[in-house]
Every structure is written in structure tokens, then in C-alpha cells.
$ cat my_file18.pdb   # PDB, C-alpha atoms
ATOM      1  CA  MET A   4     141.938 125.013  53.570  1.00  0.00           C
ATOM      2  CA  ALA A   5     143.898 127.411  55.792  1.00  0.00           C
ATOM      3  CA  GLY A   6     145.147 124.822  58.271  1.00  0.00           C
ATOM      4  CA  GLU A   7     147.721 126.116  60.723  1.00  0.00           C
ATOM      5  CA  ARG A   8     149.775 128.192  58.314  1.00  0.00           C
ATOM      6  CA  PHE A   9     149.166 131.308  60.418  1.00  0.00           C
ATOM      7  CA  LEU A  10     151.701 129.929  62.928  1.00  0.00           C
ATOM      8  CA  PRO A  11     154.820 129.985  60.718  1.00  0.00           C
ATOM      9  CA  ALA A  12     153.510 133.117  58.970  1.00  0.00           C
ATOM     10  CA  PHE A  13     153.278 134.957  62.290  1.00  0.00           C
ATOM     11  CA  LEU A  14     156.701 133.623  63.321  1.00  0.00           C
ATOM     12  CA  VAL A  15     158.314 134.900  60.113  1.00  0.00           C
ATOM     13  CA  ILE A  16     156.698 138.327  60.469  1.00  0.00           C
ATOM     14  CA  SER A  17     157.588 138.582  64.160  1.00  0.00           C
ATOM     15  CA  ALA A  18     161.203 137.495  63.693  1.00  0.00           C
ATOM     16  CA  SER A  19     161.774 139.756  60.685  1.00  0.00           C
ATOM     17  CA  GLY A  20     160.156 142.662  62.495  1.00  0.00           C
ATOM     18  CA  THR A  21     162.340 142.111  65.554  1.00  0.00           C
ATOM     19  CA  PHE A  22     165.522 142.364  63.499  1.00  0.00           C
ATOM     20  CA  ILE A  23     164.505 145.119  61.093  1.00  0.00           C
ATOM     21  CA  ILE A  24     162.538 147.460  63.373  1.00  0.00           C
ATOM     22  CA  ASN A  25     165.298 147.586  65.985  1.00  0.00           C
ATOM     23  CA  TYR A  26     167.924 148.120  63.290  1.00  0.00           C
ATOM     24  CA  VAL A  27     166.006 151.046  61.783  1.00  0.00           C
ATOM     25  CA  ILE A  28     165.418 152.694  65.170  1.00  0.00           C
ATOM     26  CA  ALA A  29     169.042 152.231  66.254  1.00  0.00           C
ATOM     27  CA  VAL A  30     170.359 153.675  62.980  1.00  0.00           C
ATOM     28  CA  PHE A  31     167.913 156.595  63.141  1.00  0.00           C
ATOM     29  CA  ARG A  32     169.106 157.381  66.680  1.00  0.00           C
ATOM     30  CA  ALA A  33     172.770 156.920  65.625  1.00  0.00           C
ATOM     31  CA  ASP A  34     173.258 154.297  68.333  1.00  0.00           C
ATOM     32  CA  ILE A  35     174.956 151.884  65.893  1.00  0.00           C
ATOM     33  CA  ASP A  36     176.853 151.892  62.623  1.00  0.00           C
ATOM     34  CA  VAL A  37     174.812 151.471  59.450  1.00  0.00           C
ATOM     35  CA  ILE A  38     177.030 148.753  57.966  1.00  0.00           C
ATOM     36  CA  PHE A  39     176.382 145.334  59.514  1.00  0.00           C
ATOM     37  CA  PRO A  40     176.221 145.833  63.280  1.00  0.00           C
ATOM     38  CA  TYR A  41     175.712 142.765  65.427  1.00  0.00           C
ATOM     39  CA  ILE A  42     172.025 142.025  65.874  1.00  0.00           C
ATOM     40  CA  SER A  43     172.489 142.489  69.607  1.00  0.00           C
ATOM     41  CA  ASP A  44     174.036 145.925  68.997  1.00  0.00           C
ATOM     42  CA  THR A  45     170.675 147.096  67.662  1.00  0.00           C
ATOM     43  CA  ALA A  46     169.213 146.402  71.123  1.00  0.00           C
ATOM     44  CA  ALA A  47     172.052 147.586  73.354  1.00  0.00           C
ATOM     45  CA  THR A  48     170.473 150.862  74.466  1.00  0.00           C
ATOM     46  CA  PRO A  49     166.928 152.030  75.346  1.00  0.00           C
ATOM     47  CA  PRO A  50     164.383 152.232  73.817  1.00  0.00           C
ATOM     48  CA  GLU A  51     165.658 149.614  71.366  1.00  0.00           C
ATOM     49  CA  SER A  52     166.522 147.200  74.181  1.00  0.00           C
ATOM     50  CA  CYS A  53     162.942 147.344  75.500  1.00  0.00           C
ATOM     51  CA  ILE A  54     161.425 146.803  72.059  1.00  0.00           C
ATOM     52  CA  PHE A  55     163.880 144.019  71.273  1.00  0.00           C
ATOM     53  CA  GLY A  56     163.186 142.248  74.571  1.00  0.00           C
ATOM     54  CA  LEU A  57     159.419 142.329  74.019  1.00  0.00           C
ATOM     55  CA  MET A  58     159.492 141.317  70.352  1.00  0.00           C
ATOM     56  CA  THR A  59     162.070 138.580  70.885  1.00  0.00           C
ATOM     57  CA  SER A  60     159.992 137.077  73.681  1.00  0.00           C
ATOM     58  CA  VAL A  61     156.925 137.078  71.429  1.00  0.00           C
ATOM     59  CA  THR A  62     158.983 135.515  68.642  1.00  0.00           C
ATOM     60  CA  ALA A  63     160.262 132.815  71.001  1.00  0.00           C
ATOM     61  CA  MET A  64     156.688 131.919  71.991  1.00  0.00           C
ATOM     62  CA  ALA A  65     155.670 131.837  68.335  1.00  0.00           C
ATOM     63  CA  GLY A  66     158.666 129.603  67.688  1.00  0.00           C
ATOM     64  CA  VAL A  67     157.615 127.147  70.384  1.00  0.00           C
ATOM     65  CA  ALA A  68     154.051 127.022  69.011  1.00  0.00           C
ATOM     66  CA  THR A  69     155.263 126.500  65.435  1.00  0.00           C
ATOM     67  CA  MET A  70     157.785 123.818  66.394  1.00  0.00           C
ATOM     68  CA  TYR A  71     155.198 122.000  68.492  1.00  0.00           C
ATOM     69  CA  ALA A  72     152.734 122.048  65.593  1.00  0.00           C
ATOM     70  CA  ARG A  73     155.436 120.659  63.305  1.00  0.00           C
ATOM     71  CA  TYR A  74     156.230 117.976  65.895  1.00  0.00           C
ATOM     72  CA  LYS A  75     152.593 116.880  66.128  1.00  0.00           C
ATOM     73  CA  PHE A  76     152.229 116.895  62.338  1.00  0.00           C
ATOM     74  CA  ILE A  77     155.240 114.597  61.909  1.00  0.00           C
ATOM     75  CA  GLU A  78     153.963 112.429  64.768  1.00  0.00           C
ATOM     76  CA  GLN A  79     150.613 111.903  63.017  1.00  0.00           C
ATOM     77  CA  LEU A  80     152.330 111.453  59.662  1.00  0.00           C
ATOM     78  CA  ASN A  81     154.509 108.729  61.159  1.00  0.00           C
ATOM     79  CA  LYS A  82     151.454 106.913  62.510  1.00  0.00           C
ATOM     80  CA  ARG A  83     150.069 106.785  58.978  1.00  0.00           C
ATOM     81  CA  THR A  84     153.247 106.094  56.987  1.00  0.00           C
ATOM     82  CA  GLY A  85     155.941 104.958  59.432  1.00  0.00           C
ATOM     83  CA  LEU A  86     158.554 106.903  57.460  1.00  0.00           C
ATOM     84  CA  VAL A  87     159.860 109.101  60.274  1.00  0.00           C
ATOM     85  CA  GLY A  88     160.874 107.573  63.582  1.00  0.00           C
ATOM     86  CA  PRO A  89     159.409 109.134  66.750  1.00  0.00           C
ATOM     87  CA  VAL A  90     162.852 109.507  68.367  1.00  0.00           C
ATOM     88  CA  ILE A  91     164.296 111.812  65.699  1.00  0.00           C
ATOM     89  CA  ASN A  92     161.092 113.852  65.805  1.00  0.00           C
ATOM     90  CA  LYS A  93     161.418 114.318  69.572  1.00  0.00           C
ATOM     91  CA  ILE A  94     165.119 115.176  69.274  1.00  0.00           C
ATOM     92  CA  ALA A  95     164.352 117.869  66.694  1.00  0.00           C
ATOM     93  CA  PHE A  96     161.640 119.353  68.903  1.00  0.00           C
ATOM     94  CA  GLY A  97     164.010 119.335  71.878  1.00  0.00           C
ATOM     95  CA  PHE A  98     166.671 121.278  69.982  1.00  0.00           C
ATOM     96  CA  GLY A  99     163.992 123.695  68.821  1.00  0.00           C
ATOM     97  CA  LEU A 100     162.933 124.381  72.408  1.00  0.00           C
ATOM     98  CA  LEU A 101     166.546 124.974  73.428  1.00  0.00           C
ATOM     99  CA  SER A 102     166.913 127.482  70.609  1.00  0.00           C
ATOM    100  CA  CYS A 103     163.836 129.374  71.813  1.00  0.00           C
ATOM    101  CA  LEU A 104     165.260 129.353  75.336  1.00  0.00           C
ATOM    102  CA  GLY A 105     168.430 130.900  73.953  1.00  0.00           C
ATOM    103  CA  MET A 106     166.330 133.648  72.378  1.00  0.00           C
ATOM    104  CA  CYS A 107     164.772 134.429  75.748  1.00  0.00           C
ATOM    105  CA  VAL A 108     168.207 134.666  77.378  1.00  0.00           C
ATOM    106  CA  VAL A 109     169.425 137.021  74.646  1.00  0.00           C
ATOM    107  CA  ALA A 110     166.309 139.172  75.065  1.00  0.00           C
ATOM    108  CA  THR A 111     166.676 139.371  78.850  1.00  0.00           C
ATOM    109  CA  PHE A 112     170.411 140.001  79.250  1.00  0.00           C
ATOM    110  CA  GLN A 113     171.813 142.831  77.098  1.00  0.00           C
ATOM    111  CA  GLU A 114     175.379 142.435  75.822  1.00  0.00           C
ATOM    112  CA  THR A 115     176.529 145.710  77.381  1.00  0.00           C
ATOM    113  CA  VAL A 116     175.234 144.719  80.834  1.00  0.00           C
ATOM    114  CA  MET A 117     175.898 140.973  81.199  1.00  0.00           C
ATOM    115  CA  ARG A 118     177.972 139.981  78.197  1.00  0.00           C
ATOM    116  CA  VAL A 119     178.853 136.438  79.311  1.00  0.00           C
ATOM    117  CA  VAL A 120     175.243 135.419  79.910  1.00  0.00           C
ATOM    118  CA  HIS A 121     174.139 137.181  76.733  1.00  0.00           C
ATOM    119  CA  ASP A 122     176.798 135.437  74.649  1.00  0.00           C
ATOM    120  CA  LEU A 123     175.928 132.043  76.120  1.00  0.00           C
ATOM    121  CA  GLY A 124     172.290 132.631  75.222  1.00  0.00           C
ATOM    122  CA  ALA A 125     173.247 133.649  71.684  1.00  0.00           C
ATOM    123  CA  LEU A 126     175.452 130.563  71.359  1.00  0.00           C
ATOM    124  CA  LEU A 127     172.605 128.350  72.554  1.00  0.00           C
ATOM    125  CA  PHE A 128     170.190 130.021  70.139  1.00  0.00           C
ATOM    126  CA  PHE A 129     172.364 129.777  67.049  1.00  0.00           C
ATOM    127  CA  VAL A 130     173.889 126.327  67.577  1.00  0.00           C
ATOM    128  CA  THR A 131     170.695 124.531  68.549  1.00  0.00           C
ATOM    129  CA  GLY A 132     168.757 126.477  65.907  1.00  0.00           C
ATOM    130  CA  VAL A 133     171.079 125.257  63.172  1.00  0.00           C
ATOM    131  CA  VAL A 134     170.879 121.687  64.503  1.00  0.00           C
ATOM    132  CA  TYR A 135     167.072 121.969  64.485  1.00  0.00           C
ATOM    133  CA  ILE A 136     166.803 123.006  60.830  1.00  0.00           C
ATOM    134  CA  VAL A 137     169.361 120.365  59.798  1.00  0.00           C
ATOM    135  CA  ILE A 138     167.328 117.629  61.496  1.00  0.00           C
ATOM    136  CA  GLN A 139     164.088 118.994  60.046  1.00  0.00           C
ATOM    137  CA  THR A 140     165.660 118.877  56.600  1.00  0.00           C
ATOM    138  CA  TYR A 141     166.511 115.226  57.190  1.00  0.00           C
ATOM    139  CA  ILE A 142     162.937 114.592  58.364  1.00  0.00           C
ATOM    140  CA  SER A 143     161.594 116.264  55.206  1.00  0.00           C
ATOM    141  CA  TYR A 144     163.590 113.859  53.049  1.00  0.00           C
ATOM    142  CA  LYS A 145     162.481 110.881  55.131  1.00  0.00           C
ATOM    143  CA  ALA A 146     158.813 111.914  54.918  1.00  0.00           C
ATOM    144  CA  TYR A 147     158.858 112.513  51.146  1.00  0.00           C
ATOM    145  CA  PRO A 148     156.514 112.420  49.242  1.00  0.00           C
ATOM    146  CA  PHE A 149     154.188 113.180  52.150  1.00  0.00           C
ATOM    147  CA  GLY A 150     154.123 116.809  53.261  1.00  0.00           C
ATOM    148  CA  SER A 151     157.005 118.323  51.316  1.00  0.00           C
ATOM    149  CA  SER A 152     157.841 118.149  47.633  1.00  0.00           C
ATOM    150  CA  LYS A 153     161.293 117.171  46.421  1.00  0.00           C
ATOM    151  CA  ALA A 154     161.934 120.809  45.469  1.00  0.00           C
ATOM    152  CA  MET A 155     161.065 121.876  49.016  1.00  0.00           C
ATOM    153  CA  CYS A 156     163.451 119.278  50.423  1.00  0.00           C
ATOM    154  CA  TRP A 157     166.222 120.692  48.250  1.00  0.00           C
ATOM    155  CA  THR A 158     165.322 124.227  49.298  1.00  0.00           C
ATOM    156  CA  ARG A 159     165.519 123.330  52.980  1.00  0.00           C
ATOM    157  CA  ALA A 160     168.804 121.526  52.404  1.00  0.00           C
ATOM    158  CA  GLY A 161     170.204 124.655  50.779  1.00  0.00           C
ATOM    159  CA  ILE A 162     169.045 126.887  53.636  1.00  0.00           C
ATOM    160  CA  ALA A 163     170.417 124.499  56.267  1.00  0.00           C
ATOM    161  CA  SER A 164     173.738 124.339  54.417  1.00  0.00           C
ATOM    162  CA  ILE A 165     174.062 128.128  54.309  1.00  0.00           C
ATOM    163  CA  ALA A 166     173.236 128.411  58.016  1.00  0.00           C
ATOM    164  CA  SER A 167     175.714 125.660  58.910  1.00  0.00           C
ATOM    165  CA  LEU A 168     178.513 127.230  56.873  1.00  0.00           C
ATOM    166  CA  ALA A 169     177.878 130.685  58.358  1.00  0.00           C
ATOM    167  CA  LEU A 170     177.680 129.439  61.957  1.00  0.00           C
ATOM    168  CA  LEU A 171     181.388 128.674  62.462  1.00  0.00           C
ATOM    169  CA  PRO A 172     182.775 132.070  61.340  1.00  0.00           C
ATOM    170  CA  THR A 173     180.029 133.754  63.387  1.00  0.00           C
ATOM    171  CA  ILE A 174     181.411 132.145  66.547  1.00  0.00           C
ATOM    172  CA  VAL A 175     185.141 132.063  65.763  1.00  0.00           C
ATOM    173  CA  CYS A 176     185.394 135.648  64.511  1.00  0.00           C
ATOM    174  CA  ALA A 177     183.334 136.898  67.464  1.00  0.00           C
ATOM    175  CA  LEU A 178     185.815 135.281  69.850  1.00  0.00           C
ATOM    176  CA  LEU A 179     188.639 137.161  68.129  1.00  0.00           C
ATOM    177  CA  VAL A 180     186.991 140.546  68.659  1.00  0.00           C
ATOM    178  CA  GLY A 181     188.217 142.107  71.875  1.00  0.00           C
ATOM    179  CA  SER A 182     185.700 144.934  72.247  1.00  0.00           C
ATOM    180  CA  THR A 183     181.927 145.276  72.628  1.00  0.00           C
ATOM    181  CA  LYS A 184     181.728 148.922  71.542  1.00  0.00           C
ATOM    182  CA  LEU A 185     178.950 149.901  69.167  1.00  0.00           C
ATOM    183  CA  HIS A 186     180.822 152.212  66.770  1.00  0.00           C
ATOM    184  CA  TRP A 187     183.752 151.089  64.633  1.00  0.00           C
ATOM    185  CA  THR A 188     185.928 152.459  61.839  1.00  0.00           C
ATOM    186  CA  GLY A 189     187.448 150.375  59.079  1.00  0.00           C
ATOM    187  CA  ASP A 190     191.058 150.971  60.141  1.00  0.00           C
ATOM    188  CA  GLU A 191     190.595 149.686  63.699  1.00  0.00           C
ATOM    189  CA  LYS A 192     192.117 146.449  64.949  1.00  0.00           C
ATOM    190  CA  ASP A 193     189.735 143.466  64.791  1.00  0.00           C
ATOM    191  CA  TYR A 194     187.319 145.339  62.504  1.00  0.00           C
ATOM    192  CA  GLY A 195     187.640 142.657  59.836  1.00  0.00           C
ATOM    193  CA  PHE A 196     186.820 139.886  62.315  1.00  0.00           C
ATOM    194  CA  ARG A 197     183.882 141.853  63.663  1.00  0.00           C
ATOM    195  CA  LEU A 198     182.486 142.557  60.199  1.00  0.00           C
ATOM    196  CA  ALA A 199     182.828 138.917  59.137  1.00  0.00           C
ATOM    197  CA  SER A 200     181.151 137.727  62.333  1.00  0.00           C
ATOM    198  CA  ALA A 201     178.291 140.220  61.998  1.00  0.00           C
ATOM    199  CA  VAL A 202     177.643 139.354  58.341  1.00  0.00           C
ATOM    200  CA  CYS A 203     177.550 135.653  59.165  1.00  0.00           C
ATOM    201  CA  GLU A 204     175.319 136.277  62.189  1.00  0.00           C
ATOM    202  CA  TRP A 205     172.723 138.062  60.048  1.00  0.00           C
ATOM    203  CA  THR A 206     173.030 135.249  57.497  1.00  0.00           C
ATOM    204  CA  VAL A 207     172.278 132.571  60.090  1.00  0.00           C
ATOM    205  CA  ALA A 208     169.420 134.583  61.607  1.00  0.00           C
ATOM    206  CA  PHE A 209     167.641 135.138  58.303  1.00  0.00           C
ATOM    207  CA  SER A 210     168.325 131.538  57.292  1.00  0.00           C
ATOM    208  CA  PHE A 211     166.087 130.616  60.225  1.00  0.00           C
ATOM    209  CA  VAL A 212     163.435 133.071  59.020  1.00  0.00           C
ATOM    210  CA  VAL A 213     163.474 131.715  55.458  1.00  0.00           C
ATOM    211  CA  PHE A 214     163.437 128.122  56.721  1.00  0.00           C
ATOM    212  CA  PHE A 215     160.242 128.723  58.701  1.00  0.00           C
ATOM    213  CA  LEU A 216     158.808 130.442  55.645  1.00  0.00           C
ATOM    214  CA  THR A 217     158.960 127.054  53.914  1.00  0.00           C
ATOM    215  CA  TYR A 218     156.608 125.664  56.586  1.00  0.00           C
ATOM    216  CA  ILE A 219     153.658 127.806  55.497  1.00  0.00           C
ATOM    217  CA  ARG A 220     152.479 125.667  52.596  1.00  0.00           C
ATOM    218  CA  GLU A 221     152.977 122.447  54.563  1.00  0.00           C
ATOM    219  CA  PHE A 222     151.017 123.741  57.539  1.00  0.00           C
ATOM    220  CA  LYS A 223     147.931 123.987  55.311  1.00  0.00           C
ATOM    221  CA  LEU A 224     147.732 120.186  55.416  1.00  0.00           C
ATOM    222  CA  PHE A 225     146.638 119.829  59.049  1.00  0.00           C
ATOM    223  CA  THR A 226     144.814 121.449  61.944  1.00  0.00           C
ATOM    224  CA  LEU A 227     145.391 121.314  65.689  1.00  0.00           C
ATOM    225  CA  THR A 228     142.571 120.884  68.186  1.00  0.00           C
ATOM    226  CA  VAL A 229     142.412 121.262  71.943  1.00  0.00           C
ATOM    227  CA  LYS A 230     140.394 118.684  73.848  1.00  0.00           C
ATOM    228  CA  ALA A 231     139.191 119.388  77.392  1.00  0.00           C
ATOM    229  CA  GLU A 232     137.829 116.630  79.611  1.00  0.00           C
ATOM    230  CA  LEU A 233     136.218 117.013  83.003  1.00  0.00           C
ATOM    231  CA  VAL A 234     137.488 114.610  85.646  1.00  0.00           C
ATOM    232  CA  GLU A 235     134.739 113.301  87.869  1.00  0.00           C
ATOM    233  CA  HIS A 236     135.647 112.871  91.511  1.00  0.00           C
ATOM    234  CA  GLY A 237     133.910 110.151  93.450  1.00  0.00           C
TER     235      GLY A 237
END
$ encode --input "my_file18.pdb" --output "C-alpha cells"
Amino acid sequence: MAGERFLPAFLVISASGTFIINYVIAVFRADIDVIFPYISDTAATPPESCIFGLMTSVTAMAGVATMYARYKFIEQLNKRTGLVGPVINKIAFGFGLLSCLGMCVVATFQETVMRVVHDLGALLFFVTGVVYIVIQTYISYKAYPFGSSKAMCWTRAGIASIASLALLPTIVCALLVGSTKLHWTGDEKDYGFRLASAVCEWTVAFSFVVFFLTYIREFKLFTLTVKAELVEHG
């Protein structure tokens, strides 16, 4: 049974492609440094910015669809088992939507054009994204043994822990960097902070990708249907 596993599969492919394709193009065009640029640096100049904006928007929509499917799955699972409260499920979905909104802001406002708005969008994306996967890890443990295996719960806990640990230096070190330029040398002031922030940013981003990868097997367990009803007017 295929179920809805195409949703997280497409999300993983789209997100990975967004990061990697823009990085390769930007490096090929010598628009960025090869060693750990910020993700946003890979989309600071055309044509990378156009590709990044399009692919990030598609990824955000895929994220909303995947998170909604997960929300409905947990909702139906709770009706059958009563293991996961509806409130925590709604809270998780809400944080997931906020994270996708942050992605859209990042895609729309480039860092070299409107840095403040871009940075706020990135902050919204990363913070709420980490909160989402932490809550989903908690939900996985609460729902066990339905849906996820114990090994999968541990795997998600490990991914959420890595993302949580990498989030703080991503933000703090970025605040200590005083420049938004795209090319750096190792002897420049703030280079260490920038490198640490960039490494942690990539870590958090791919933690999200790997976390959604763990959804694929679970999404085989259910299907979503759309029901249309005609309203008769008297």
C-alpha cells in the first residue's frame, strides 16, 4: 500500500534540491565561497535568487501539505486510541504552518535587498521549525506503538536534539557577524563567527530534511480523501 508517502518524499526531494542546486550554481558562477556559505548567500544574486524563490515556495507548499496530512493522521489515530491529545496536535500543526510562512518570507526578500525582513523570516522558519519537530517527536512517543516504532522515536529524538543544539549558535553567531558580504577570507574579523553560524544553519536545515524523511514509512499507513457535497438551495 502506497498511502500518502509521496508527500514527505516530494518534500524531501524539493527541500534538498533547493539547497543543493542553488549552492552548485552559485559556486559555479563564483558568486559565493565554496566552504560553508550561508544558505541565503546561495540565493543572493540572479539567477540563483529566482530559482531559490521558486523552489522554496514549492517546498513551503509541500511542507504545508505534509504537515496537514500528519495532523489528520494523528487526529484519526487519537480517535481510535486516545493516546495523543487534540490540543498538542493542533499546536504542532500551527508551529509547522509558521515555519512554512517563514520560508516564504525568506524566498521573497533577499538578504542583500531587505536584510531585516529576510532575517526575521529566517528566524521564524528555524525557530518554529525546531519547535515543530520537537513536538512531533513527543507525539511519536505518545502514540507508540501505533504509527512509529521505538527505534523511529529514538531516531526522531536524535534529529530533534541535533537541530535544537545547532539552533542557538546559528542565531547568536549570526548576530555577532557585522557584514553581509558574500566572499570571506579566513583572516578576516568575525570569520569564525560566520563559519560557525553557517555550519549550524546547514545542520538545522538538513535536520528538517532528515526528520521529514522519517515520515515516509509512516505515511504508508493512511490515505487522504477529498469529499465534495452539493448544497441545495431552496
$ residues_around --input "my_file18.pdb" --residues "segment 55-62 of chain A" --least-positions-apart "5" --cutoff "10 Å" --atoms "all atoms listed in the file" --output "PyMOL selection string"
chain A and resi 13-22+24-26+42-43+45-47+49-50+67-68+103-104+106-113
$ atom_distance --input "my_file18.pdb" --atom1 "atom CA of Phe98 of chain A" --atom2 "atom CA of Glu78 of chain A"
16.3 Å
$ residues_around --input "my_file18.pdb" --residues "Leu216 of chain A" --least-positions-apart "2" --cutoff "12 Å" --atoms "all atoms listed in the file" --output "PyMOL selection string"
chain A and resi 8-19+69+155+158-159+162+209-214+218-222
$ write_last_selection --input "my_file18.pdb" --atoms "C-alpha atoms" --output "PDB file, in the coordinates of the input"
ATOM      1  CA  ARG A   8     149.775 128.192  58.314  1.00  0.00           C
ATOM      2  CA  PHE A   9     149.166 131.308  60.418  1.00  0.00           C
ATOM      3  CA  LEU A  10     151.701 129.929  62.928  1.00  0.00           C
ATOM      4  CA  PRO A  11     154.820 129.985  60.718  1.00  0.00           C
ATOM      5  CA  ALA A  12     153.510 133.117  58.970  1.00  0.00           C
ATOM      6  CA  PHE A  13     153.278 134.957  62.290  1.00  0.00           C
ATOM      7  CA  LEU A  14     156.701 133.623  63.321  1.00  0.00           C
ATOM      8  CA  VAL A  15     158.314 134.900  60.113  1.00  0.00           C
ATOM      9  CA  ILE A  16     156.698 138.327  60.469  1.00  0.00           C
ATOM     10  CA  SER A  17     157.588 138.582  64.160  1.00  0.00           C
ATOM     11  CA  ALA A  18     161.203 137.495  63.693  1.00  0.00           C
ATOM     12  CA  SER A  19     161.774 139.756  60.685  1.00  0.00           C
ATOM     13  CA  THR A  69     155.263 126.500  65.435  1.00  0.00           C
ATOM     14  CA  MET A 155     161.065 121.876  49.016  1.00  0.00           C
ATOM     15  CA  THR A 158     165.322 124.227  49.298  1.00  0.00           C
ATOM     16  CA  ARG A 159     165.519 123.330  52.980  1.00  0.00           C
ATOM     17  CA  ILE A 162     169.045 126.887  53.636  1.00  0.00           C
ATOM     18  CA  PHE A 209     167.641 135.138  58.303  1.00  0.00           C
ATOM     19  CA  SER A 210     168.325 131.538  57.292  1.00  0.00           C
ATOM     20  CA  PHE A 211     166.087 130.616  60.225  1.00  0.00           C
ATOM     21  CA  VAL A 212     163.435 133.071  59.020  1.00  0.00           C
ATOM     22  CA  VAL A 213     163.474 131.715  55.458  1.00  0.00           C
ATOM     23  CA  PHE A 214     163.437 128.122  56.721  1.00  0.00           C
ATOM     24  CA  TYR A 218     156.608 125.664  56.586  1.00  0.00           C
ATOM     25  CA  ILE A 219     153.658 127.806  55.497  1.00  0.00           C
ATOM     26  CA  ARG A 220     152.479 125.667  52.596  1.00  0.00           C
ATOM     27  CA  GLU A 221     152.977 122.447  54.563  1.00  0.00           C
ATOM     28  CA  PHE A 222     151.017 123.741  57.539  1.00  0.00           C
TER      29      PHE A 222
END
$ closest_residue --input "my_file18.pdb" --among "A:Trp157, A:Tyr71, A:Phe39, A:Phe31" --to "Ser200 of chain A" --atoms "all atoms listed in the file"
A:Phe39
$ closest_residue --input "my_file18.pdb" --among "A:Leu179, A:Leu168, A:Ala160, A:Leu185" --to "Thr217 of chain A" --atoms "all atoms listed in the file"
A:Ala160
$ resolve_selection --input "my_file18.pdb" --expression "the PyMOL selection byres ((chain A and resi 174) around 12)" --output "number ranges by chain"
A: 122-123, 125-130, 167-173, 175-180, 196-197, 199-204, 207
